[in-house]
Amino acid sequence: MLKAVLLQLGATILAVVISAALFGMRGAVSAAGGGLACVLPSWMFAMRLAAITRKAGTASVAAFVAGELLKVASIVGLLVLVWVLYPALHWGAMLIGLILALKANLFAFLVKT
């Protein structure tokens with residue numbers, strides 16, 4: 001799980017660089033907000049599953065589903081928070097950050113650790 005979170009963070013950094021080149025500082029901040037809205041809940045979910053696994057030996061399906069539900073709700077909440085706190089939000093750049101961070105998980109299976 002940590003590998004996927006690190007890939008999401010790398011994708012968010014890439015989105016910030018791309019958005020800064022295309023849209024300037026406003027785009028870079030927007031892309032960072034969109035990407036981090038995905039990375040932070042994923043990191044919390046990974047840490048929670050690791051703690052449950054250390055304690056019980058394995059994570060139950062109920063713990064996984066509940067954690068995933070909380071993660072999705074947190075992502076939505078953080079995106080709304082970015083929208084409210086940053087009035088100069090560039091929607092295109094925010095979507096670039098969000099989409100790249102979400103799709104970075106697909107590459108987690110390709111990276112050997």
# chains A, B, ... in the order shown; residues from 1 in each chain; ligands from 1
>>> residues_around(residues="A:Glu68", least_positions_apart="6", cutoff="12 Å", atoms="only C-alpha atoms", output="list in words")
Pro41, Ser42, Trp43, Met44, Phe45, Ala46, Arg48, Leu49, Val61, Ala62, Ser74 and Ile75 of chain A
>>> write_last_selection(atoms="N, CA, C and O atoms", output="tab-separated table (two decimals), in the first residue's frame")
chain	number	residue	atom	x	y	z
A	41	PRO	N	-5.66	11.07	2.13
A	41	PRO	CA	-6.54	10.00	2.61
A	41	PRO	C	-5.99	8.60	2.28
A	41	PRO	O	-6.17	7.67	3.07
A	42	SER	N	-5.31	8.46	1.15
A	42	SER	CA	-4.72	7.16	0.81
A	42	SER	C	-3.63	6.79	1.80
A	42	SER	O	-3.51	5.62	2.20
A	43	TRP	N	-2.83	7.76	2.20
A	43	TRP	CA	-1.77	7.50	3.17
A	43	TRP	C	-2.38	7.10	4.52
A	43	TRP	O	-1.92	6.15	5.15
A	44	MET	N	-3.43	7.81	4.94
A	44	MET	CA	-4.10	7.47	6.20
A	44	MET	C	-4.70	6.06	6.14
A	44	MET	O	-4.62	5.30	7.11
A	45	PHE	N	-5.29	5.72	5.00
A	45	PHE	CA	-5.88	4.39	4.82
A	45	PHE	C	-4.79	3.31	4.89
A	45	PHE	O	-4.98	2.28	5.55
A	46	ALA	N	-3.66	3.56	4.25
A	46	ALA	CA	-2.56	2.59	4.27
A	46	ALA	C	-2.01	2.41	5.68
A	46	ALA	O	-1.73	1.27	6.11
A	48	ARG	N	-3.65	2.91	8.48
A	48	ARG	CA	-4.68	2.23	9.28
A	48	ARG	C	-4.68	0.73	9.00
A	48	ARG	O	-4.75	-0.08	9.92
A	49	LEU	N	-4.58	0.36	7.72
A	49	LEU	CA	-4.55	-1.08	7.39
A	49	LEU	C	-3.28	-1.74	7.93
A	49	LEU	O	-3.34	-2.89	8.40
A	61	VAL	N	-12.35	-7.92	5.94
A	61	VAL	CA	-13.04	-7.29	4.81
A	61	VAL	C	-13.81	-6.07	5.29
A	61	VAL	O	-13.82	-5.03	4.62
A	62	ALA	N	-14.42	-6.17	6.46
A	62	ALA	CA	-15.19	-5.04	6.99
A	62	ALA	C	-14.29	-3.84	7.26
A	62	ALA	O	-14.66	-2.69	6.97
A	74	SER	N	-13.32	11.31	2.53
A	74	SER	CA	-12.27	12.28	2.83
A	74	SER	C	-11.78	12.98	1.58
A	74	SER	O	-11.51	14.18	1.60
A	75	ILE	N	-11.65	12.25	0.49
A	75	ILE	CA	-11.22	12.86	-0.77
A	75	ILE	C	-12.22	13.91	-1.21
A	75	ILE	O	-11.84	15.03	-1.57
>>> closest_atom_pairs(of="stretch 24-50 of chain A", to="stretch 4-16 of chain A", cutoff="7 Å", atoms="only C-alpha atoms", output="tab-separated table")
residue	atom	partner	partner_atom	distance
A:Ala28	CA	A:Val16	CA	4.7
A:Ala31	CA	A:Val16	CA	5.3
A:Ala32	CA	A:Val16	CA	5.8
A:Gly35	CA	A:Thr12	CA	5.0
A:Val39	CA	A:Gln8	CA	6.1
A:Ser42	CA	A:Val5	CA	6.3
A:Trp43	CA	A:Val5	CA	5.9
>>> closest_residue(among="A:Cys38, A:Met94, A:Leu2, A:Val84", to="A:Ala20", atoms="only C-alpha atoms")
A:Met94
>>> residues_around(residues="A:Gly34", least_positions_apart="4", cutoff="7 Å", atoms="only C-alpha atoms", output="list in words")
Ser30, Cys38, Leu79, Met94, Leu95, Gly97 and Leu98 of chain A
>>> atom_distance(atom1="atom CA of A:Phe107", atom2="atom CA of A:Val76")
23.0 Å
>>> atom_distance(atom1="atom CA of A:Ala108", atom2="atom CA of A:Leu78")
23.5 Å
>>> atom_distance(atom1="atom CA of A:Leu102", atom2="atom CA of A:Val17")
16.9 Å
